[in-house]
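To be precise, the following lines are start22.pdb, and they hold PDB, C-alpha atoms.
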```
ATOM      1  CA  MET A   1     -66.759  -8.178   0.478  1.00  0.00           C
ATOM      2  CA  LEU A   2     -70.102  -9.619   1.616  1.00  0.00           C
ATOM      3  CA  ILE A   3     -68.482 -10.633   4.914  1.00  0.00           C
ATOM      4  CA  ILE A   4     -67.192  -7.074   5.372  1.00  0.00           C
ATOM      5  CA  ILE A   5     -70.670  -5.672   4.726  1.00  0.00           C
ATOM      6  CA  LEU A   6     -72.301  -8.029   7.221  1.00  0.00           C
ATOM      7  CA  THR A   7     -69.617  -7.319   9.844  1.00  0.00           C
ATOM      8  CA  LEU A   8     -69.935  -3.551   9.547  1.00  0.00           C
ATOM      9  CA  PHE A   9     -73.703  -3.793   9.404  1.00  0.00           C
ATOM     10  CA  SER A  10     -73.985  -5.866  12.585  1.00  0.00           C
ATOM     11  CA  SER A  11     -71.531  -3.653  14.493  1.00  0.00           C
ATOM     12  CA  THR A  12     -73.530  -0.480  13.909  1.00  0.00           C
ATOM     13  CA  ARG A  13     -76.037   0.294  16.603  1.00  0.00           C
ATOM     14  CA  GLU A  14     -78.080   2.553  14.329  1.00  0.00           C
ATOM     15  CA  SER A  15     -78.721  -0.135  11.700  1.00  0.00           C
ATOM     16  CA  GLY A  16     -77.550  -3.334  13.358  1.00  0.00           C
ATOM     17  CA  ILE A  17     -79.220  -6.701  13.762  1.00  0.00           C
ATOM     18  CA  ASP A  18     -82.002  -5.424  16.034  1.00  0.00           C
ATOM     19  CA  THR A  19     -82.946  -2.664  13.616  1.00  0.00           C
ATOM     20  CA  PHE A  20     -82.659  -5.054  10.691  1.00  0.00           C
ATOM     21  CA  GLY A  21     -85.081  -7.452  12.382  1.00  0.00           C
ATOM     22  CA  SER A  22     -87.581  -4.718  13.188  1.00  0.00           C
ATOM     23  CA  ASP A  23     -87.408  -3.441   9.611  1.00  0.00           C
ATOM     24  CA  VAL A  24     -88.101  -6.931   8.249  1.00  0.00           C
ATOM     25  CA  THR A  25     -91.099  -7.204  10.584  1.00  0.00           C
ATOM     26  CA  HIS A  26     -92.331  -3.775   9.495  1.00  0.00           C
ATOM     27  CA  LEU A  27     -91.963  -4.719   5.842  1.00  0.00           C
ATOM     28  CA  VAL A  28     -93.744  -8.069   6.138  1.00  0.00           C
ATOM     29  CA  SER A  29     -96.617  -6.559   8.110  1.00  0.00           C
ATOM     30  CA  SER A  30     -96.968  -3.481   5.884  1.00  0.00           C
ATOM     31  CA  PRO A  31    -100.066  -4.737   3.991  1.00  0.00           C
ATOM     32  CA  VAL A  32    -102.148  -4.364   7.167  1.00  0.00           C
ATOM     33  CA  ARG A  33    -101.328  -0.644   7.090  1.00  0.00           C
ATOM     34  CA  TRP A  34    -102.091  -0.151   3.414  1.00  0.00           C
ATOM     35  CA  LYS A  35    -104.591   2.471   2.323  1.00  0.00           C
ATOM     36  CA  ARG A  36    -107.033   2.007  -0.529  1.00  0.00           C
ATOM     37  CA  SER A  37    -104.567   3.574  -2.964  1.00  0.00           C
ATOM     38  CA  ASP A  38    -101.952   0.992  -1.976  1.00  0.00           C
ATOM     39  CA  TYR A  39    -104.317  -1.861  -2.764  1.00  0.00           C
ATOM     40  CA  VAL A  40    -105.095  -0.263  -6.118  1.00  0.00           C
ATOM     41  CA  LYS A  41    -101.359  -0.097  -6.882  1.00  0.00           C
ATOM     42  CA  PHE A  42    -100.895  -3.719  -5.820  1.00  0.00           C
ATOM     43  CA  THR A  43    -103.757  -4.814  -8.058  1.00  0.00           C
ATOM     44  CA  GLY A  44    -102.248  -2.938 -10.981  1.00  0.00           C
ATOM     45  CA  VAL A  45     -98.822  -4.514 -10.432  1.00  0.00           C
ATOM     46  CA  ALA A  46    -100.360  -7.982 -10.088  1.00  0.00           C
ATOM     47  CA  ALA A  47    -102.341  -7.533 -13.309  1.00  0.00           C
ATOM     48  CA  SER A  48     -99.229  -6.312 -15.136  1.00  0.00           C
ATOM     49  CA  PHE A  49     -97.267  -9.281 -13.856  1.00  0.00           C
ATOM     50  CA  GLY A  50     -99.944 -11.679 -15.098  1.00  0.00           C
ATOM     51  CA  THR A  51    -100.007 -10.000 -18.505  1.00  0.00           C
ATOM     52  CA  THR A  52     -96.220 -10.165 -18.765  1.00  0.00           C
ATOM     53  CA  MET A  53     -96.307 -13.866 -17.931  1.00  0.00           C
ATOM     54  CA  LEU A  54     -98.709 -14.459 -20.817  1.00  0.00           C
ATOM     55  CA  LEU A  55     -96.208 -12.733 -23.114  1.00  0.00           C
ATOM     56  CA  ASP A  56     -93.106 -14.525 -21.782  1.00  0.00           C
ATOM     57  CA  ASP A  57     -92.584 -16.743 -24.814  1.00  0.00           C
ATOM     58  CA  GLU A  58     -93.076 -13.892 -27.288  1.00  0.00           C
ATOM     59  CA  ILE A  59     -90.754 -11.539 -25.409  1.00  0.00           C
ATOM     60  CA  ARG A  60     -88.071 -14.214 -25.118  1.00  0.00           C
ATOM     61  CA  GLU A  61     -88.198 -14.896 -28.853  1.00  0.00           C
ATOM     62  CA  LYS A  62     -87.868 -11.228 -29.758  1.00  0.00           C
ATOM     63  CA  VAL A  63     -84.973 -10.627 -27.364  1.00  0.00           C
ATOM     64  CA  GLN A  64     -83.112 -13.770 -28.421  1.00  0.00           C
ATOM     65  CA  ASN A  65     -83.463 -12.798 -32.086  1.00  0.00           C
ATOM     66  CA  TYR A  66     -82.159  -9.271 -31.488  1.00  0.00           C
ATOM     67  CA  ASN A  67     -78.455  -8.747 -32.218  1.00  0.00           C
ATOM     68  CA  GLY A  68     -78.101  -4.979 -31.880  1.00  0.00           C
ATOM     69  CA  ASN A  69     -75.661  -2.819 -29.928  1.00  0.00           C
ATOM     70  CA  LEU A  70     -77.913  -2.877 -26.877  1.00  0.00           C
ATOM     71  CA  ASN A  71     -76.784  -6.444 -26.197  1.00  0.00           C
ATOM     72  CA  ASP A  72     -73.131  -5.437 -25.988  1.00  0.00           C
ATOM     73  CA  LEU A  73     -74.057  -2.596 -23.659  1.00  0.00           C
ATOM     74  CA  ALA A  74     -76.137  -4.898 -21.461  1.00  0.00           C
ATOM     75  CA  ASP A  75     -73.173  -7.224 -20.936  1.00  0.00           C
ATOM     76  CA  MET A  76     -71.416  -4.390 -19.123  1.00  0.00           C
ATOM     77  CA  PHE A  77     -74.213  -4.061 -16.565  1.00  0.00           C
ATOM     78  CA  THR A  78     -75.039  -7.663 -15.632  1.00  0.00           C
ATOM     79  CA  SER A  79     -72.615  -7.887 -12.721  1.00  0.00           C
ATOM     80  CA  LEU A  80     -74.052  -4.752 -11.110  1.00  0.00           C
ATOM     81  CA  GLY A  81     -76.887  -7.011  -9.976  1.00  0.00           C
ATOM     82  CA  GLY A  82     -74.368  -9.409  -8.436  1.00  0.00           C
ATOM     83  CA  GLY A  83     -70.697  -9.325  -7.490  1.00  0.00           C
ATOM     84  CA  TYR A  84     -69.822  -5.839  -8.720  1.00  0.00           C
ATOM     85  CA  GLY A  85     -72.931  -4.386  -7.117  1.00  0.00           C
ATOM     86  CA  ILE A  86     -72.063  -5.953  -3.776  1.00  0.00           C
ATOM     87  CA  GLY A  87     -68.518  -4.660  -4.141  1.00  0.00           C
ATOM     88  CA  LEU A  88     -69.685  -1.106  -4.779  1.00  0.00           C
ATOM     89  CA  LEU A  89     -71.990  -1.156  -1.760  1.00  0.00           C
ATOM     90  CA  GLY A  90     -69.251  -2.600   0.403  1.00  0.00           C
ATOM     91  CA  GLY A  91     -66.803   0.005  -0.862  1.00  0.00           C
ATOM     92  CA  GLY A  92     -69.172   2.847  -0.055  1.00  0.00           C
ATOM     93  CA  LEU A  93     -69.794   1.421   3.397  1.00  0.00           C
ATOM     94  CA  LEU A  94     -66.088   0.970   4.091  1.00  0.00           C
ATOM     95  CA  ILE A  95     -65.249   4.491   2.904  1.00  0.00           C
ATOM     96  CA  GLY A  96     -68.005   5.872   5.129  1.00  0.00           C
ATOM     97  CA  TYR A  97     -66.540   4.130   8.171  1.00  0.00           C
ATOM     98  CA  LEU A  98     -62.909   4.964   7.470  1.00  0.00           C
ATOM     99  CA  SER A  99     -63.618   8.619   6.657  1.00  0.00           C
ATOM    100  CA  GLY A 100     -66.093   9.149   9.483  1.00  0.00           C
ATOM    101  CA  ASN A 101     -68.683  10.367   6.962  1.00  0.00           C
ATOM    102  CA  ASP A 102     -71.916   9.589   8.819  1.00  0.00           C
ATOM    103  CA  GLU A 103     -74.128  10.541   5.869  1.00  0.00           C
ATOM    104  CA  LEU A 104     -72.349   8.160   3.486  1.00  0.00           C
ATOM    105  CA  LYS A 105     -72.261   5.462   6.140  1.00  0.00           C
ATOM    106  CA  HIS A 106     -75.998   5.741   6.773  1.00  0.00           C
ATOM    107  CA  LEU A 107     -76.826   5.809   3.058  1.00  0.00           C
ATOM    108  CA  SER A 108     -74.634   2.777   2.386  1.00  0.00           C
ATOM    109  CA  LEU A 109     -75.995   0.821   5.341  1.00  0.00           C
ATOM    110  CA  ARG A 110     -79.614   1.378   4.438  1.00  0.00           C
ATOM    111  CA  THR A 111     -78.967   0.631   0.785  1.00  0.00           C
ATOM    112  CA  CYS A 112     -77.291  -2.621   1.841  1.00  0.00           C
ATOM    113  CA  GLU A 113     -80.271  -3.388   4.042  1.00  0.00           C
ATOM    114  CA  SER A 114     -82.689  -2.863   1.154  1.00  0.00           C
ATOM    115  CA  ALA A 115     -80.612  -5.178  -1.026  1.00  0.00           C
ATOM    116  CA  LEU A 116     -80.301  -7.857   1.663  1.00  0.00           C
ATOM    117  CA  ILE A 117     -83.987  -7.937   2.591  1.00  0.00           C
ATOM    118  CA  SER A 118     -85.227  -7.921  -1.003  1.00  0.00           C
ATOM    119  CA  SER A 119     -82.697 -10.577  -2.037  1.00  0.00           C
ATOM    120  CA  GLY A 120     -83.680 -12.784   0.892  1.00  0.00           C
ATOM    121  CA  LEU A 121     -87.344 -12.536  -0.060  1.00  0.00           C
ATOM    122  CA  THR A 122     -86.506 -13.244  -3.693  1.00  0.00           C
ATOM    123  CA  TYR A 123     -84.540 -16.400  -2.922  1.00  0.00           C
ATOM    124  CA  LEU A 124     -87.291 -17.648  -0.644  1.00  0.00           C
ATOM    125  CA  ILE A 125     -89.731 -17.368  -3.550  1.00  0.00           C
ATOM    126  CA  LYS A 126     -87.186 -18.899  -5.941  1.00  0.00           C
ATOM    127  CA  MET A 127     -86.728 -21.993  -3.801  1.00  0.00           C
ATOM    128  CA  THR A 128     -90.466 -22.347  -3.213  1.00  0.00           C
ATOM    129  CA  ALA A 129     -91.775 -21.794  -6.741  1.00  0.00           C
ATOM    130  CA  GLY A 130     -89.281 -23.916  -8.675  1.00  0.00           C
ATOM    131  CA  ARG A 131     -89.872 -22.279 -12.034  1.00  0.00           C
ATOM    132  CA  LYS A 132     -87.694 -23.638 -14.831  1.00  0.00           C
ATOM    133  CA  ARG A 133     -85.334 -21.242 -16.572  1.00  0.00           C
ATOM    134  CA  PRO A 134     -85.852 -20.391 -20.251  1.00  0.00           C
ATOM    135  CA  TYR A 135     -82.531 -21.898 -21.369  1.00  0.00           C
ATOM    136  CA  LEU A 136     -83.954 -25.330 -20.503  1.00  0.00           C
ATOM    137  CA  LYS A 137     -86.353 -24.769 -23.428  1.00  0.00           C
ATOM    138  CA  GLU A 138     -89.308 -26.389 -21.692  1.00  0.00           C
ATOM    139  CA  GLY A 139     -91.638 -23.394 -21.892  1.00  0.00           C
ATOM    140  CA  PRO A 140     -92.602 -20.646 -19.450  1.00  0.00           C
ATOM    141  CA  TYR A 141     -95.183 -22.619 -17.504  1.00  0.00           C
ATOM    142  CA  GLU A 142     -93.036 -25.441 -16.104  1.00  0.00           C
ATOM    143  CA  TRP A 143     -92.849 -25.487 -12.305  1.00  0.00           C
ATOM    144  CA  THR A 144     -91.341 -28.153 -10.057  1.00  0.00           C
ATOM    145  CA  GLY A 145     -92.143 -26.790  -6.607  1.00  0.00           C
ATOM    146  CA  PRO A 146     -89.636 -26.446  -3.741  1.00  0.00           C
ATOM    147  CA  ASN A 147     -86.029 -27.174  -4.737  1.00  0.00           C
ATOM    148  CA  MET A 148     -82.552 -25.622  -4.842  1.00  0.00           C
ATOM    149  CA  GLU A 149     -81.447 -26.630  -8.329  1.00  0.00           C
ATOM    150  CA  ALA A 150     -80.147 -23.617 -10.272  1.00  0.00           C
ATOM    151  CA  GLY A 151     -82.094 -24.456 -13.435  1.00  0.00           C
ATOM    152  CA  ARG A 152     -85.330 -24.480 -11.461  1.00  0.00           C
ATOM    153  CA  MET A 153     -84.989 -21.201  -9.596  1.00  0.00           C
ATOM    154  CA  SER A 154     -85.991 -18.775 -12.322  1.00  0.00           C
ATOM    155  CA  MET A 155     -88.616 -16.653 -10.583  1.00  0.00           C
ATOM    156  CA  PRO A 156     -87.970 -13.929  -9.515  1.00  0.00           C
ATOM    157  CA  SER A 157     -84.715 -12.586 -10.958  1.00  0.00           C
ATOM    158  CA  GLY A 158     -82.255 -12.063  -8.117  1.00  0.00           C
ATOM    159  CA  HIS A 159     -79.976  -9.740 -10.092  1.00  0.00           C
ATOM    160  CA  THR A 160     -82.958  -7.568 -11.009  1.00  0.00           C
ATOM    161  CA  THR A 161     -84.264  -7.500  -7.445  1.00  0.00           C
ATOM    162  CA  PHE A 162     -80.881  -6.382  -6.141  1.00  0.00           C
ATOM    163  CA  ALA A 163     -80.453  -3.684  -8.788  1.00  0.00           C
ATOM    164  CA  PHE A 164     -83.913  -2.177  -8.299  1.00  0.00           C
ATOM    165  CA  ALA A 165     -83.716  -2.329  -4.501  1.00  0.00           C
ATOM    166  CA  VAL A 166     -80.535  -0.254  -4.644  1.00  0.00           C
ATOM    167  CA  ALA A 167     -81.912   2.109  -7.294  1.00  0.00           C
ATOM    168  CA  SER A 168     -85.209   2.747  -5.533  1.00  0.00           C
ATOM    169  CA  TYR A 169     -83.660   3.376  -2.134  1.00  0.00           C
ATOM    170  CA  LEU A 170     -81.032   5.741  -3.536  1.00  0.00           C
ATOM    171  CA  SER A 171     -83.660   7.531  -5.605  1.00  0.00           C
ATOM    172  CA  PHE A 172     -86.081   8.156  -2.751  1.00  0.00           C
ATOM    173  CA  GLU A 173     -83.385   8.923  -0.200  1.00  0.00           C
ATOM    174  CA  THR A 174     -81.241  11.345  -2.205  1.00  0.00           C
ATOM    175  CA  GLU A 175     -83.989  12.998  -4.324  1.00  0.00           C
ATOM    176  CA  ASN A 176     -81.305  13.769  -6.895  1.00  0.00           C
ATOM    177  CA  PRO A 177     -82.480  13.617 -10.553  1.00  0.00           C
ATOM    178  CA  LEU A 178     -79.036  12.576 -11.776  1.00  0.00           C
ATOM    179  CA  ILE A 179     -78.900   9.670  -9.328  1.00  0.00           C
ATOM    180  CA  ASP A 180     -82.439   8.740 -10.354  1.00  0.00           C
ATOM    181  CA  VAL A 181     -81.439   8.485 -14.001  1.00  0.00           C
ATOM    182  CA  LEU A 182     -78.151   6.673 -13.398  1.00  0.00           C
ATOM    183  CA  SER A 183     -79.431   4.164 -10.845  1.00  0.00           C
ATOM    184  CA  TYR A 184     -82.595   3.219 -12.720  1.00  0.00           C
ATOM    185  CA  THR A 185     -80.751   3.057 -16.039  1.00  0.00           C
ATOM    186  CA  CYS A 186     -78.320   0.578 -14.501  1.00  0.00           C
ATOM    187  CA  ALA A 187     -81.194  -1.430 -12.996  1.00  0.00           C
ATOM    188  CA  ILE A 188     -83.079  -1.579 -16.297  1.00  0.00           C
ATOM    189  CA  MET A 189     -79.954  -2.721 -18.132  1.00  0.00           C
ATOM    190  CA  VAL A 190     -79.365  -5.438 -15.536  1.00  0.00           C
ATOM    191  CA  ALA A 191     -82.943  -6.596 -16.017  1.00  0.00           C
ATOM    192  CA  TYR A 192     -82.631  -6.658 -19.801  1.00  0.00           C
ATOM    193  CA  SER A 193     -79.328  -8.553 -19.616  1.00  0.00           C
ATOM    194  CA  ARG A 194     -80.983 -11.371 -17.667  1.00  0.00           C
ATOM    195  CA  ILE A 195     -83.557 -11.876 -20.428  1.00  0.00           C
ATOM    196  CA  LYS A 196     -80.885 -11.536 -23.125  1.00  0.00           C
ATOM    197  CA  ASP A 197     -78.709 -14.170 -21.444  1.00  0.00           C
ATOM    198  CA  ASP A 198     -81.733 -16.502 -21.388  1.00  0.00           C
ATOM    199  CA  LYS A 199     -81.495 -16.835 -17.606  1.00  0.00           C
ATOM    200  CA  HIS A 200     -84.945 -15.407 -16.914  1.00  0.00           C
ATOM    201  CA  TRP A 201     -88.384 -14.930 -18.391  1.00  0.00           C
ATOM    202  CA  ALA A 202     -89.664 -11.366 -18.656  1.00  0.00           C
ATOM    203  CA  SER A 203     -92.127 -11.997 -15.826  1.00  0.00           C
ATOM    204  CA  ASP A 204     -89.244 -13.130 -13.566  1.00  0.00           C
ATOM    205  CA  VAL A 205     -87.579  -9.790 -14.203  1.00  0.00           C
ATOM    206  CA  PHE A 206     -90.837  -7.879 -13.682  1.00  0.00           C
ATOM    207  CA  LEU A 207     -91.450  -9.519 -10.321  1.00  0.00           C
ATOM    208  CA  GLY A 208     -87.843  -8.990  -9.251  1.00  0.00           C
ATOM    209  CA  ALA A 209     -88.113  -5.278 -10.070  1.00  0.00           C
ATOM    210  CA  ALA A 210     -91.409  -5.003  -8.183  1.00  0.00           C
ATOM    211  CA  ILE A 211     -89.912  -6.622  -5.081  1.00  0.00           C
ATOM    212  CA  GLY A 212     -86.786  -4.479  -5.217  1.00  0.00           C
ATOM    213  CA  ILE A 213     -88.698  -1.229  -5.664  1.00  0.00           C
ATOM    214  CA  SER A 214     -91.211  -2.080  -2.927  1.00  0.00           C
ATOM    215  CA  VAL A 215     -88.504  -2.924  -0.397  1.00  0.00           C
ATOM    216  CA  GLY A 216     -86.331   0.069  -1.302  1.00  0.00           C
ATOM    217  CA  ILE A 217     -89.192   2.528  -0.962  1.00  0.00           C
ATOM    218  CA  THR A 218     -90.400   0.969   2.292  1.00  0.00           C
ATOM    219  CA  ILE A 219     -86.944   1.127   3.895  1.00  0.00           C
ATOM    220  CA  SER A 220     -86.607   4.735   2.772  1.00  0.00           C
ATOM    221  CA  LYS A 221     -89.932   5.631   4.412  1.00  0.00           C
ATOM    222  CA  ILE A 222     -88.817   4.003   7.677  1.00  0.00           C
ATOM    223  CA  ASP A 223     -85.898   6.438   7.749  1.00  0.00           C
TER     224      ASP A 223
END
```
Target encoding structure tokens, full file:
Amino acid sequence: MLIIILTLFSSTRESGIDTFGSDVTHLVSSPVRWKRSDYVKFTGVAASFGTTMLLDDEIREKVQNYNGNLNDLADMFTSLGGGYGIGLLGGGLLIGYLSGNDELKHLSLRTCESALISSGLTYLIKMTAGRKRPYLKEGPYEWTGPNMEAGRMSMPSGHTTFAFAVASYLSFETENPLIDVLSYTCAIMVAYSRIKDDKHWASDVFLGAAIGISVGITISKID
């Protein structure tokens, strides 16, 4: 399905490789265009991230000790930040092409673009930071630096990044309250499931959500 997405994406003049490259450049250079309010928002997010990191151990303990119905519900959403999510995007894109529905095609393409860019950024940070995952039980402040070992690629959460990139783009592009509720509910459940499964610290999830939302909103504004 990922191959289908990439093939359709690259064959579309409107949102092909050239546009993808220019959007990445626009995104990376966006801080130079920030206004004062943007810097205030960034400072607030950074401070919240730091606070969450200080609470990582406490949050992990509470979530791991919780055995309520929310855990069963969360299990249903995990894959929306991975394989199932990619499949849904690819399905929407394919339907848009086959049906000639330009609106659906455009929405699917740009949503895919938001997911691809944010996921790429996330994995770059993952491989550079080398934060150890909570299931290794070595504490939240163990970092190894650049590597590609799965147990040392905790920050940020890739599933969470993907889910929030999709949710934020769809929310800002459609301006439909029902889509807002559904997409962000799914994203939040994906994020919670990653902490529940002991794959990520809360701060990993927070940073993943921040990246996904930032990229999704930025791509929407480019439209």
Query - Point-to-point distance in Å for CA of Thr174 (chain A) and CA of Ser108 (chain A) - result: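 A separation of 11.8 Å between them.
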Report task. List the residues selected by the PyMOL selection byres ((chain A and resi 208) around 8) in the file shown, writing them as a PyMOL selection string. Result -> chain A and resi 122+155-161+164+204-207+209-212
Query raised in the report: Where does the PyMOL selection byres ((chain A and resi 27-42) around 12) land in this file, that is, which residues does it pick, as JSON, numbers by chain?
Result: {"A": [20, 21, 22, 23, 24, 25, 26, 43, 44, 45, 46, 47, 48, 49, 113, 114, 117, 118, 121, 207, 210, 211, 214, 215, 216, 217, 218, 219, 220, 221, 222]}
Could you save those same residues with C-alpha atoms as a short mmCIF file (atom, residue, chain, number, x, y, z; two decimals), keeping the file's coordinate frame?
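Saved result, part.cif, follows:
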```cif
data_model
loop_
_atom_site.label_atom_id
_atom_site.label_comp_id
_atom_site.auth_asym_id
_atom_site.auth_seq_id
_atom_site.Cartn_x
_atom_site.Cartn_y
_atom_site.Cartn_z
CA PHE A 20 -82.66 -5.05 10.69
CA GLY A 21 -85.08 -7.45 12.38
CA SER A 22 -87.58 -4.72 13.19
CA ASP A 23 -87.41 -3.44 9.61
CA VAL A 24 -88.10 -6.93 8.25
CA THR A 25 -91.10 -7.20 10.58
CA HIS A 26 -92.33 -3.78 9.49
CA THR A 43 -103.76 -4.81 -8.06
CA GLY A 44 -102.25 -2.94 -10.98
CA VAL A 45 -98.82 -4.51 -10.43
CA ALA A 46 -100.36 -7.98 -10.09
CA ALA A 47 -102.34 -7.53 -13.31
CA SER A 48 -99.23 -6.31 -15.14
CA PHE A 49 -97.27 -9.28 -13.86
CA GLU A 113 -80.27 -3.39 4.04
CA SER A 114 -82.69 -2.86 1.15
CA ILE A 117 -83.99 -7.94 2.59
CA SER A 118 -85.23 -7.92 -1.00
CA LEU A 121 -87.34 -12.54 -0.06
CA LEU A 207 -91.45 -9.52 -10.32
CA ALA A 210 -91.41 -5.00 -8.18
CA ILE A 211 -89.91 -6.62 -5.08
CA SER A 214 -91.21 -2.08 -2.93
CA VAL A 215 -88.50 -2.92 -0.40
CA GLY A 216 -86.33 0.07 -1.30
CA ILE A 217 -89.19 2.53 -0.96
CA THR A 218 -90.40 0.97 2.29
CA ILE A 219 -86.94 1.13 3.90
CA SER A 220 -86.61 4.74 2.77
CA LYS A 221 -89.93 5.63 4.41
CA ILE A 222 -88.82 4.00 7.68
#
```
Query - Atomic distance CA of Lys137 (chain A) - CA of Asp198 (chain A), expressed in Å with one decimal - result: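 One can read the CA of Lys137 (chain A) to CA of Asp198 (chain A) distance as 9.7 Å.
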**Report entry** Long-range neighbours of Gly96 (chain A) as a list in words, 9 Å cut-off, all atoms listed in the file, 6 positions minimum in chain
**Finding:**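 So, after excluding close chain neighbours, the residues are Asp102, Glu103, Leu104, Lys105, His106 and Ser108 of chain A.
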**Report entry** Closest of A:Asn147, A:Asn69, A:Asn176, A:Ser154 to Lys132 (chain A) - atom-to-atom distances counting all atoms listed in the file
**Finding:**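 Using all atoms listed in the file, the shortest distance to Lys132 (chain A) belongs to A:Ser154.
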Query - Selection result for the PyMOL selection byres ((chain A and resi 70) around 12) on this file, as a VMD selection string - result: chain A and resid 63 66 to 69 71 to 77 188 to 190 192 to 193 196
**Report entry** Selected residue of minimal separation from Ala150 (chain A) among A:His200, A:Val181, A:Leu116, A:Gly90, counting all atoms listed in the file
**Finding:**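 Under the stated criterion, the closest residue is A:His200.
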How would region 189-207 of chain A read, as a PDB file, in the frame of the given file, once N, CA and C atoms are built in?
```pdb
ATOM      1  N   MET A 189     -80.906  -1.976 -17.307  1.00  0.00           N
ATOM      2  CA  MET A 189     -79.954  -2.721 -18.132  1.00  0.00           C
ATOM      3  C   MET A 189     -79.633  -4.081 -17.528  1.00  0.00           C
ATOM      4  N   VAL A 190     -79.558  -4.143 -16.205  1.00  0.00           N
ATOM      5  CA  VAL A 190     -79.365  -5.438 -15.536  1.00  0.00           C
ATOM      6  C   VAL A 190     -80.538  -6.356 -15.849  1.00  0.00           C
ATOM      7  N   ALA A 191     -81.739  -5.809 -15.751  1.00  0.00           N
ATOM      8  CA  ALA A 191     -82.943  -6.596 -16.017  1.00  0.00           C
ATOM      9  C   ALA A 191     -82.954  -7.116 -17.453  1.00  0.00           C
ATOM     10  N   TYR A 192     -82.647  -6.246 -18.394  1.00  0.00           N
ATOM     11  CA  TYR A 192     -82.631  -6.658 -19.801  1.00  0.00           C
ATOM     12  C   TYR A 192     -81.574  -7.735 -20.043  1.00  0.00           C
ATOM     13  N   SER A 193     -80.414  -7.587 -19.403  1.00  0.00           N
ATOM     14  CA  SER A 193     -79.328  -8.553 -19.616  1.00  0.00           C
ATOM     15  C   SER A 193     -79.727  -9.953 -19.171  1.00  0.00           C
ATOM     16  N   ARG A 194     -80.568 -10.056 -18.164  1.00  0.00           N
ATOM     17  CA  ARG A 194     -80.983 -11.371 -17.667  1.00  0.00           C
ATOM     18  C   ARG A 194     -81.907 -12.084 -18.662  1.00  0.00           C
ATOM     19  N   ILE A 195     -82.720 -11.296 -19.375  1.00  0.00           N
ATOM     20  CA  ILE A 195     -83.557 -11.876 -20.428  1.00  0.00           C
ATOM     21  C   ILE A 195     -82.695 -12.221 -21.634  1.00  0.00           C
ATOM     22  N   LYS A 196     -81.783 -11.326 -21.975  1.00  0.00           N
ATOM     23  CA  LYS A 196     -80.885 -11.536 -23.125  1.00  0.00           C
ATOM     24  C   LYS A 196     -80.036 -12.795 -22.944  1.00  0.00           C
ATOM     25  N   ASP A 197     -79.556 -13.010 -21.724  1.00  0.00           N
ATOM     26  CA  ASP A 197     -78.709 -14.170 -21.444  1.00  0.00           C
ATOM     27  C   ASP A 197     -79.510 -15.458 -21.290  1.00  0.00           C
ATOM     28  N   ASP A 198     -80.825 -15.351 -21.460  1.00  0.00           N
ATOM     29  CA  ASP A 198     -81.733 -16.502 -21.388  1.00  0.00           C
ATOM     30  C   ASP A 198     -81.770 -17.138 -19.999  1.00  0.00           C
ATOM     31  N   LYS A 199     -81.470 -16.333 -18.984  1.00  0.00           N
ATOM     32  CA  LYS A 199     -81.495 -16.835 -17.606  1.00  0.00           C
ATOM     33  C   LYS A 199     -82.866 -16.652 -16.960  1.00  0.00           C
ATOM     34  N   HIS A 200     -83.646 -15.707 -17.515  1.00  0.00           N
ATOM     35  CA  HIS A 200     -84.945 -15.407 -16.914  1.00  0.00           C
ATOM     36  C   HIS A 200     -85.994 -15.080 -17.963  1.00  0.00           C
ATOM     37  N   TRP A 201     -87.231 -15.381 -17.611  1.00  0.00           N
ATOM     38  CA  TRP A 201     -88.384 -14.930 -18.391  1.00  0.00           C
ATOM     39  C   TRP A 201     -88.648 -13.469 -18.040  1.00  0.00           C
ATOM     40  N   ALA A 202     -89.356 -12.781 -18.904  1.00  0.00           N
ATOM     41  CA  ALA A 202     -89.664 -11.366 -18.656  1.00  0.00           C
ATOM     42  C   ALA A 202     -90.443 -11.182 -17.359  1.00  0.00           C
ATOM     43  N   SER A 203     -91.335 -12.113 -17.054  1.00  0.00           N
ATOM     44  CA  SER A 203     -92.127 -11.997 -15.826  1.00  0.00           C
ATOM     45  C   SER A 203     -91.271 -12.199 -14.579  1.00  0.00           C
ATOM     46  N   ASP A 204     -90.185 -12.984 -14.682  1.00  0.00           N
ATOM     47  CA  ASP A 204     -89.244 -13.130 -13.566  1.00  0.00           C
ATOM     48  C   ASP A 204     -88.605 -11.788 -13.253  1.00  0.00           C
ATOM     49  N   VAL A 205     -88.221 -11.095 -14.320  1.00  0.00           N
ATOM     50  CA  VAL A 205     -87.579  -9.790 -14.203  1.00  0.00           C
ATOM     51  C   VAL A 205     -88.570  -8.758 -13.660  1.00  0.00           C
ATOM     52  N   PHE A 206     -89.791  -8.811 -14.145  1.00  0.00           N
ATOM     53  CA  PHE A 206     -90.837  -7.879 -13.682  1.00  0.00           C
ATOM     54  C   PHE A 206     -91.055  -8.042 -12.183  1.00  0.00           C
ATOM     55  N   LEU A 207     -91.200  -9.276 -11.735  1.00  0.00           N
ATOM     56  CA  LEU A 207     -91.450  -9.519 -10.321  1.00  0.00           C
ATOM     57  C   LEU A 207     -90.243  -9.113  -9.477  1.00  0.00           C
TER      58      LEU A 207
END
```
